[in-house]
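*Asks:* Dropping in structure_21.txt, with compact mmCIF, C-alpha atoms and all ligand atoms.
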# COMPACT_ATOMS: atom_id res chain seq x y z
CA MET A 9 -5.98 -28.39 -24.87
CA LYS A 10 -7.64 -31.49 -26.26
CA VAL A 11 -6.58 -32.37 -29.81
CA PHE A 12 -8.36 -35.10 -31.80
CA TYR A 13 -5.45 -36.51 -33.76
CA ARG A 14 -4.46 -39.87 -35.21
CA PRO A 15 -1.54 -40.41 -37.61
CA GLU A 16 -4.00 -41.91 -40.14
CA LEU A 17 -5.48 -38.48 -40.85
CA VAL A 18 -2.22 -37.49 -42.52
CA ALA A 19 -1.60 -38.12 -46.23
CA PRO A 20 1.62 -37.38 -48.15
CA ALA A 21 2.19 -33.78 -49.27
CA GLN A 22 0.20 -32.95 -52.37
CA HIS A 23 1.13 -30.59 -55.19
CA SER A 24 0.88 -26.93 -54.07
CA SER A 25 -0.95 -27.58 -50.79
CA PRO A 26 0.49 -28.62 -47.45
CA SER A 27 -2.92 -29.40 -45.98
CA ALA A 28 -2.71 -33.18 -46.36
CA HIS A 29 0.38 -33.54 -44.16
CA LYS A 30 0.11 -30.36 -42.09
CA PRO A 31 -1.68 -31.97 -39.11
CA ARG A 32 1.33 -34.06 -38.09
CA LEU A 33 3.69 -31.10 -38.30
CA VAL A 34 1.28 -28.90 -36.31
CA VAL A 35 0.68 -31.46 -33.55
CA GLU A 36 4.43 -32.16 -33.24
CA ASP A 37 5.06 -28.40 -33.05
CA TRP A 38 2.47 -27.95 -30.28
CA ILE A 39 3.86 -30.85 -28.25
CA ARG A 40 7.35 -29.38 -28.62
CA HIS A 41 6.18 -25.93 -27.47
CA PHE A 42 3.40 -26.69 -25.00
CA GLY A 43 4.30 -30.18 -23.72
CA ASP A 44 1.80 -31.68 -21.31
CA ALA A 45 -0.76 -28.95 -22.00
CA ILE A 46 -1.53 -30.83 -25.25
CA GLU A 47 -3.75 -33.84 -24.71
CA VAL A 48 -3.99 -35.99 -27.85
CA LEU A 49 -7.21 -38.00 -28.07
CA GLY A 50 -7.99 -40.85 -30.49
CA PHE A 51 -11.27 -41.32 -32.34
CA GLU A 52 -13.06 -43.57 -34.83
CA PRO A 53 -12.98 -42.77 -38.56
CA ALA A 54 -16.20 -41.31 -39.98
CA SER A 55 -18.37 -44.01 -41.53
CA ASP A 56 -19.42 -44.02 -45.20
CA GLU A 57 -22.93 -43.40 -43.92
CA GLN A 58 -21.86 -40.30 -41.95
CA MET A 59 -20.00 -38.87 -44.96
CA GLY A 60 -22.96 -39.83 -47.18
CA ARG A 61 -25.26 -37.53 -45.20
CA ALA A 62 -23.31 -34.43 -46.25
CA HIS A 63 -22.53 -35.72 -49.77
CA ASP A 64 -24.02 -37.77 -52.58
CA PRO A 65 -23.24 -41.36 -51.40
CA ASP A 66 -22.09 -42.27 -54.94
CA PHE A 67 -19.57 -39.39 -54.82
CA VAL A 68 -18.28 -40.63 -51.44
CA ALA A 69 -17.96 -44.22 -52.71
CA GLY A 70 -16.29 -43.05 -55.94
CA VAL A 71 -13.61 -41.02 -54.17
CA LEU A 72 -12.92 -43.70 -51.57
CA SER A 73 -12.54 -46.41 -54.26
CA GLY A 74 -10.30 -44.18 -56.39
CA SER A 75 -12.67 -43.87 -59.36
CA LEU A 76 -13.40 -40.16 -58.80
CA LEU A 77 -10.92 -37.29 -58.33
CA ASN A 78 -10.16 -35.99 -54.83
CA GLY A 79 -9.83 -32.28 -53.98
CA PHE A 80 -6.20 -32.27 -55.14
CA GLY A 81 -7.34 -33.37 -58.60
CA ASN A 82 -5.86 -36.89 -58.39
CA ARG A 83 -6.86 -40.42 -57.34
CA ASP A 84 -4.11 -40.99 -54.73
CA ARG A 85 -5.27 -43.93 -52.59
CA ARG A 86 -3.35 -42.55 -49.62
CA VAL A 87 -5.43 -39.35 -49.72
CA ALA A 88 -8.63 -41.43 -49.97
CA ALA A 89 -7.54 -43.51 -46.96
CA SER A 90 -7.01 -40.36 -44.85
CA LEU A 91 -10.45 -38.85 -45.54
CA PRO A 92 -12.56 -40.87 -43.06
CA PHE A 93 -10.04 -39.78 -40.42
CA THR A 94 -10.10 -36.04 -41.17
CA SER A 95 -13.91 -36.00 -41.02
CA GLY A 96 -13.80 -38.47 -38.10
CA SER A 97 -11.63 -36.05 -36.12
CA MET A 98 -14.21 -33.28 -36.63
CA VAL A 99 -17.12 -35.58 -35.70
CA ALA A 100 -15.43 -36.86 -32.52
CA ALA A 101 -14.33 -33.36 -31.50
CA ALA A 102 -17.86 -32.01 -32.06
CA GLU A 103 -19.44 -34.80 -30.00
CA HIS A 104 -16.92 -34.27 -27.22
CA ALA A 105 -17.38 -30.48 -27.26
CA VAL A 106 -21.16 -30.80 -26.94
CA LEU A 107 -21.20 -33.59 -24.36
CA HIS A 108 -18.58 -31.91 -22.13
CA ARG A 109 -19.34 -28.27 -23.01
CA GLU A 110 -15.73 -27.63 -23.95
CA VAL A 111 -13.63 -25.91 -26.58
CA VAL A 112 -11.46 -28.49 -28.35
CA CYS A 113 -9.27 -28.73 -31.45
CA SER A 114 -9.42 -30.86 -34.58
CA PRO A 115 -6.06 -30.33 -36.37
CA THR A 116 -7.64 -30.68 -39.79
CA SER A 117 -8.06 -28.77 -43.06
CA GLY A 118 -9.46 -29.28 -46.52
CA PHE A 119 -13.23 -29.07 -45.99
CA HIS A 120 -15.05 -25.93 -47.08
CA HIS A 121 -14.76 -26.08 -50.88
CA ALA A 122 -16.18 -29.63 -50.97
CA GLY A 123 -19.79 -29.52 -52.17
CA TYR A 124 -22.56 -32.10 -52.19
CA HIS A 125 -21.45 -33.82 -55.42
CA ASN A 126 -17.94 -32.49 -55.90
CA ALA A 127 -14.43 -32.00 -54.55
CA GLY A 128 -12.30 -28.94 -55.31
CA GLY A 129 -9.73 -26.44 -54.06
CA TYR A 130 -7.77 -29.01 -51.97
CA CYS A 131 -11.04 -30.11 -50.28
CA THR A 132 -12.61 -33.54 -50.83
CA PHE A 133 -15.21 -34.16 -48.14
CA ASN A 134 -16.72 -31.36 -46.07
CA GLY A 135 -15.86 -32.39 -42.52
CA LEU A 136 -17.62 -29.27 -41.18
CA MET A 137 -20.92 -30.46 -42.63
CA VAL A 138 -20.24 -34.14 -41.83
CA ALA A 139 -19.73 -33.16 -38.16
CA ALA A 140 -22.70 -30.77 -38.04
CA LEU A 141 -25.03 -33.43 -39.50
CA ALA A 142 -23.65 -36.14 -37.18
CA VAL A 143 -24.37 -34.20 -33.98
CA LYS A 144 -27.70 -32.92 -35.30
CA ASP A 145 -28.87 -36.41 -36.30
CA ALA A 146 -27.75 -37.76 -32.92
CA GLY A 147 -30.09 -35.23 -31.29
CA LEU A 148 -27.18 -33.51 -29.50
CA VAL A 149 -27.84 -30.02 -30.90
CA GLN A 150 -30.61 -27.86 -32.36
CA ARG A 151 -28.49 -25.24 -34.14
CA VAL A 152 -24.86 -25.24 -35.31
CA ALA A 153 -22.68 -22.25 -36.20
CA ILE A 154 -19.96 -22.51 -38.83
CA LEU A 155 -17.68 -19.49 -38.40
CA ASP A 156 -15.31 -19.79 -41.32
CA CYS A 157 -12.29 -17.51 -40.95
CA ASP A 158 -10.28 -19.13 -43.71
CA ALA A 159 -9.36 -16.53 -46.35
CA HIS A 160 -11.58 -18.13 -48.98
CA TYR A 161 -15.30 -18.46 -49.57
CA GLY A 162 -16.80 -21.63 -48.09
CA ASN A 163 -18.69 -22.33 -51.31
CA GLY A 164 -18.89 -26.08 -50.69
CA THR A 165 -20.49 -25.54 -47.29
CA ASP A 166 -23.06 -23.20 -48.84
CA SER A 167 -23.77 -25.69 -51.63
CA ILE A 168 -24.46 -28.52 -49.17
CA ILE A 169 -26.66 -26.27 -47.02
CA ARG A 170 -28.68 -25.34 -50.14
CA THR A 171 -28.86 -28.89 -51.53
CA LEU A 172 -30.10 -30.33 -48.24
CA ASN A 173 -32.37 -27.34 -47.53
CA ILE A 174 -30.82 -26.83 -44.10
CA ASP A 175 -32.18 -23.98 -41.95
CA TRP A 176 -30.47 -24.83 -38.64
CA ILE A 177 -26.90 -23.84 -39.59
CA GLU A 178 -25.60 -20.30 -39.08
CA HIS A 179 -22.87 -20.03 -41.73
CA HIS A 180 -20.49 -17.04 -41.81
CA THR A 181 -17.58 -17.13 -44.25
CA GLN A 182 -15.11 -14.28 -44.33
CA GLY A 183 -14.05 -15.15 -47.90
CA LEU A 184 -17.32 -13.72 -49.22
CA LYS A 185 -16.46 -10.29 -47.76
CA PHE A 186 -12.71 -9.84 -47.76
CA SER A 187 -10.08 -10.57 -50.33
CA THR A 188 -7.66 -7.66 -49.78
CA ALA A 189 -6.06 -5.88 -46.82
CA ARG A 190 -7.73 -2.66 -47.93
CA GLN A 191 -11.19 -4.23 -47.53
CA ALA A 192 -10.29 -5.44 -44.03
CA ALA A 193 -8.87 -2.08 -42.90
CA SER A 194 -10.49 0.59 -40.68
CA CYS A 195 -12.21 -1.91 -38.38
CA ALA A 196 -14.25 -3.39 -41.29
CA TYR A 197 -12.96 -6.86 -40.44
CA GLU A 198 -13.64 -6.44 -36.72
CA SER A 199 -17.18 -5.23 -37.46
CA TRP A 200 -17.87 -8.23 -39.71
CA LEU A 201 -16.47 -10.64 -37.11
CA ASN A 202 -18.45 -9.12 -34.25
CA ALA A 203 -21.69 -9.25 -36.26
CA ALA A 204 -21.04 -12.89 -37.20
CA ILE A 205 -20.25 -13.79 -33.57
CA GLU A 206 -23.47 -12.13 -32.45
CA LYS A 207 -25.46 -14.45 -34.74
CA CYS A 208 -23.54 -17.53 -33.59
CA LEU A 209 -24.50 -16.94 -29.95
CA ALA A 210 -27.87 -18.68 -30.35
CA CYS A 211 -26.22 -21.96 -31.46
CA ASP A 212 -25.44 -25.11 -29.45
CA LEU A 213 -22.11 -25.76 -31.16
CA VAL A 214 -19.59 -23.55 -32.96
CA LEU A 215 -17.28 -24.93 -35.67
CA TYR A 216 -14.54 -22.34 -36.05
CA GLN A 217 -12.16 -22.47 -39.02
CA ALA A 218 -9.13 -20.63 -37.63
CA GLY A 219 -7.43 -20.42 -41.02
CA ALA A 220 -3.81 -19.27 -41.33
CA ASP A 221 -4.20 -18.20 -44.96
CA PRO A 222 -5.75 -14.74 -44.34
CA HIS A 223 -2.26 -13.62 -43.29
CA MET A 224 -0.64 -10.67 -45.10
CA GLU A 225 2.28 -12.78 -46.31
CA ASP A 226 0.21 -15.75 -47.46
CA PRO A 227 0.38 -16.23 -51.25
CA LEU A 228 -3.35 -17.06 -51.29
CA GLY A 229 -4.33 -14.53 -48.61
CA GLY A 230 -2.84 -11.09 -48.03
CA ILE A 231 -5.58 -9.69 -45.79
CA LEU A 232 -4.73 -9.62 -42.05
CA THR A 233 -1.64 -8.82 -39.99
CA THR A 234 -0.31 -11.24 -37.38
CA GLU A 235 -1.80 -8.95 -34.68
CA GLN A 236 -5.21 -8.84 -36.40
CA MET A 237 -5.19 -12.63 -36.56
CA ALA A 238 -4.39 -12.87 -32.85
CA THR A 239 -7.23 -10.45 -32.12
CA ARG A 240 -9.54 -12.56 -34.31
CA ASP A 241 -8.81 -15.72 -32.31
CA ARG A 242 -9.00 -13.94 -28.95
CA VAL A 243 -12.36 -12.33 -29.77
CA VAL A 244 -13.82 -15.66 -31.00
CA PHE A 245 -12.57 -17.52 -27.91
CA GLU A 246 -13.67 -14.82 -25.46
CA LYS A 247 -17.11 -14.19 -26.95
CA LEU A 248 -18.07 -17.74 -27.99
CA GLY A 249 -15.92 -19.84 -25.66
CA HIS A 250 -18.76 -20.44 -23.22
CA LEU A 251 -20.38 -22.52 -25.98
CA PRO A 252 -19.19 -25.95 -27.13
CA MET A 253 -16.66 -25.25 -29.89
CA VAL A 254 -14.34 -27.10 -32.24
CA TRP A 255 -11.65 -25.11 -33.98
CA ASN A 256 -9.59 -26.42 -36.84
CA LEU A 257 -6.62 -25.34 -38.98
CA ALA A 258 -8.10 -24.68 -42.42
CA GLY A 259 -5.72 -23.09 -45.00
CA GLY A 260 -2.18 -21.72 -44.76
CA TYR A 261 0.25 -21.67 -47.68
CA GLN A 262 3.35 -19.68 -46.71
CA VAL A 263 6.58 -21.48 -47.49
CA VAL A 264 10.14 -20.37 -46.69
CA LEU A 265 13.55 -21.95 -47.22
CA GLY A 266 14.49 -24.67 -44.78
CA ASP A 267 16.03 -28.12 -44.42
CA THR A 268 12.98 -29.85 -42.99
CA GLU A 269 9.31 -29.74 -43.88
CA ALA A 270 8.57 -28.11 -40.50
CA GLN A 271 11.14 -25.37 -41.19
CA ARG A 272 9.69 -24.76 -44.64
CA ILE A 273 6.16 -24.16 -43.29
CA GLU A 274 7.28 -22.38 -40.08
CA PRO A 275 5.23 -19.21 -40.85
CA VAL A 276 2.08 -21.37 -40.98
CA LEU A 277 3.10 -23.32 -37.87
CA ALA A 278 3.68 -20.00 -36.08
CA LEU A 279 0.13 -18.82 -36.85
CA HIS A 280 -1.45 -22.09 -35.65
CA ARG A 281 0.81 -21.93 -32.57
CA GLN A 282 -0.54 -18.44 -31.91
CA THR A 283 -4.13 -19.77 -31.97
CA ALA A 284 -3.20 -22.69 -29.67
CA ASN A 285 -1.44 -20.29 -27.31
CA LEU A 286 -4.52 -18.05 -27.14
CA HIS A 287 -6.70 -21.11 -26.52
CA SER A 288 -4.53 -21.98 -23.50
CA GLU A 289 -4.55 -18.40 -22.29
CA VAL A 290 -8.30 -17.81 -22.60
CA PHE A 291 -9.36 -21.23 -21.27
CA ALA A 292 -6.64 -21.65 -18.63
ZN ZN A 301 -8.27 -20.88 -47.82
Could I get this structure in the form of C-alpha cells?

*Replies:*
Amino acid sequence: MKVFYRPELVAPAQHSSPSAHKPRLVVEDWIRHFGDAIEVLGFEPASDEQMGRAHDPDFVAGVLSGSLLNGFGNRDRRVAASLPFTSGSMVAAAEHAVLHREVVCSPTSGFHHAGYHNAGGYCTFNGLMVAALAVKDAGLVQRVAILDCDAHYGNGTDSIIRTLNIDWIEHHTQGLKFSTARQAASCAYESWLNAAIEKCLACDLVLYQAGADPHMEDPLGGILTTEQMATRDRVVFEKLGHLPMVWNLAGGYQVVLGDTEAQRIEPVLALHRQTANLHSEVFA
C-alpha cells in the first residue's frame, strides 16, 4: 500500500482535535502492523498557486503568514507550515493514482469544512478540492468523485464547488444524511452508499474520505458499528477500486486512557488499521 507521507505534514496536537498529529501515529502504527507492505512515498508541498485555485488567494496568504485564523481557531505557525504538506500529499497521491491507475493512501485529515474564504471545524485548506483542481487543470481527468464518509457534512467542499461553479465533481457527503445510528439502521446507510457509489462510477478519480468518526463510540459520531465501517470500506474498495482512488483518514475523536499518545487514540488507530487491512486484502 502506497502512502504519501512526510513528517512535515504533522503539526503539534491542537486543542480537542488529534487531526494535526494523527498522520505520524497512523503511519507508525501501519508500519508496526504491516511492515514491508507499507511503502512510504515523498512528495512536494502544494504551491500557493495550487491552494489559491480552491481558495481565495488572500485567504491562503493570510493563513500562511499567520494573520488569519486556521481551522483550529488560532494562528499557530507550526500548523500553517504543515498545510502545504497536507494538501501536497493529496495532490501527489491523486496524480499518482491517475497516472498509474492505482488505489493509494494520503494519511491526512482536516479538509472538508474549509470553504473558499474560510477555515473552520479543524479544517483550514480543502485538500480534497486542491487535489481535484490540480489534476483537472493538468488535464489528467474529466470528472472527479468526492465520496465523503466522514461523519460530518462536507460544507466547505460544497461551498467551493458553488463558488467556482464546478459541474465536473460528483460530491457525496454522508454527513448530510446521517447523524444518528437510528438513521443509519435497516440498510439505510448501505442504500445511500450504494447509490453514491453508482454515481461515482463515471468519474476518472475517486477521493474517498474513510473517516473514523462515524463510529458508534466516537464523541462526535455515534452512527456506525465497527462491522458496518468495515463493510463500508470493503464495498467502496470492491466497487470503485478499478478506478484511480485516493483514500484519506478524515475525522476520528475517540480517546481512552493510556501512557502514550498512540495508546490514547488506539480506538481511532484501530479503525484506520481496519481500512488499511481491507485495502491490502482487496488489492492483494
Ligand atoms: Zn468529522

*Asks:* At a cut-off of 12 Å around ligand ZN 301 (chain A), and using only C-alpha atoms and all ligand atoms, what residues come up? Please write them as a ChimeraX atom specification.

*Replies:* /A:25-27,117-121,128-131,156-163,181-184,186-187,217-223,226-231,257-262

*Asks:* Just give me the residues with any atom within 9 Å of (-19.2, -43.0, -45.2), file coordinates, counting only C-alpha atoms, written as a list in words.

*Replies:*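 Residues close enough to count: Ala54, Ser55, Asp56, Glu57, Gln58, Met59, Gly60, Arg61, Pro65, Val68, Ala69, Leu72 and Pro92 of chain A.
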
*Asks:* Find, counting all atoms listed in the file, the residue in A:Ile46, A:Arg151, A:Leu77, A:Lys10 that gets nearest to Lys207 (chain A).

*Replies:* A:Arg151

*Asks:* Quick one: everything within 9 Å of Leu277 (chain A), counting all atoms listed in the file, minus sequence neighbours fewer than 3 positions away in the same chain. Send it as a count of residues only.

*Replies:* 14

*Asks:* Pick the closest to Cys208 (chain A) from A:His250, A:His125, A:Arg170, A:His63: which is it, counting all atoms listed in the file?

*Replies:*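 Checking each candidate against Cys208 (chain A), we get A:His250 as the closest.
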
*Asks:* Show me, as a list in words, the residues that have an atom within 12 Å of Ser288 (chain A) when counting all atoms listed in the file, minus same-chain residues fewer than 3 positions from it.

*Replies:*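 Listing them by chain and then by number gives Met9, Lys10, Trp38, Phe42, Asp44, Ala45, Ile46, Glu47, Val111, Val112, Cys113, Asp241, Arg242, Phe245, Glu246, Gly249, Arg281, Gln282, Thr283, Ala284, Asn285, Phe291 and Ala292 of chain A.
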
*Asks:* What is the CA of Ser97 (chain A) to CA of Thr171 (chain A) distance in Å?

*Replies:*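 Between these atoms lies a distance of 24.2 Å.
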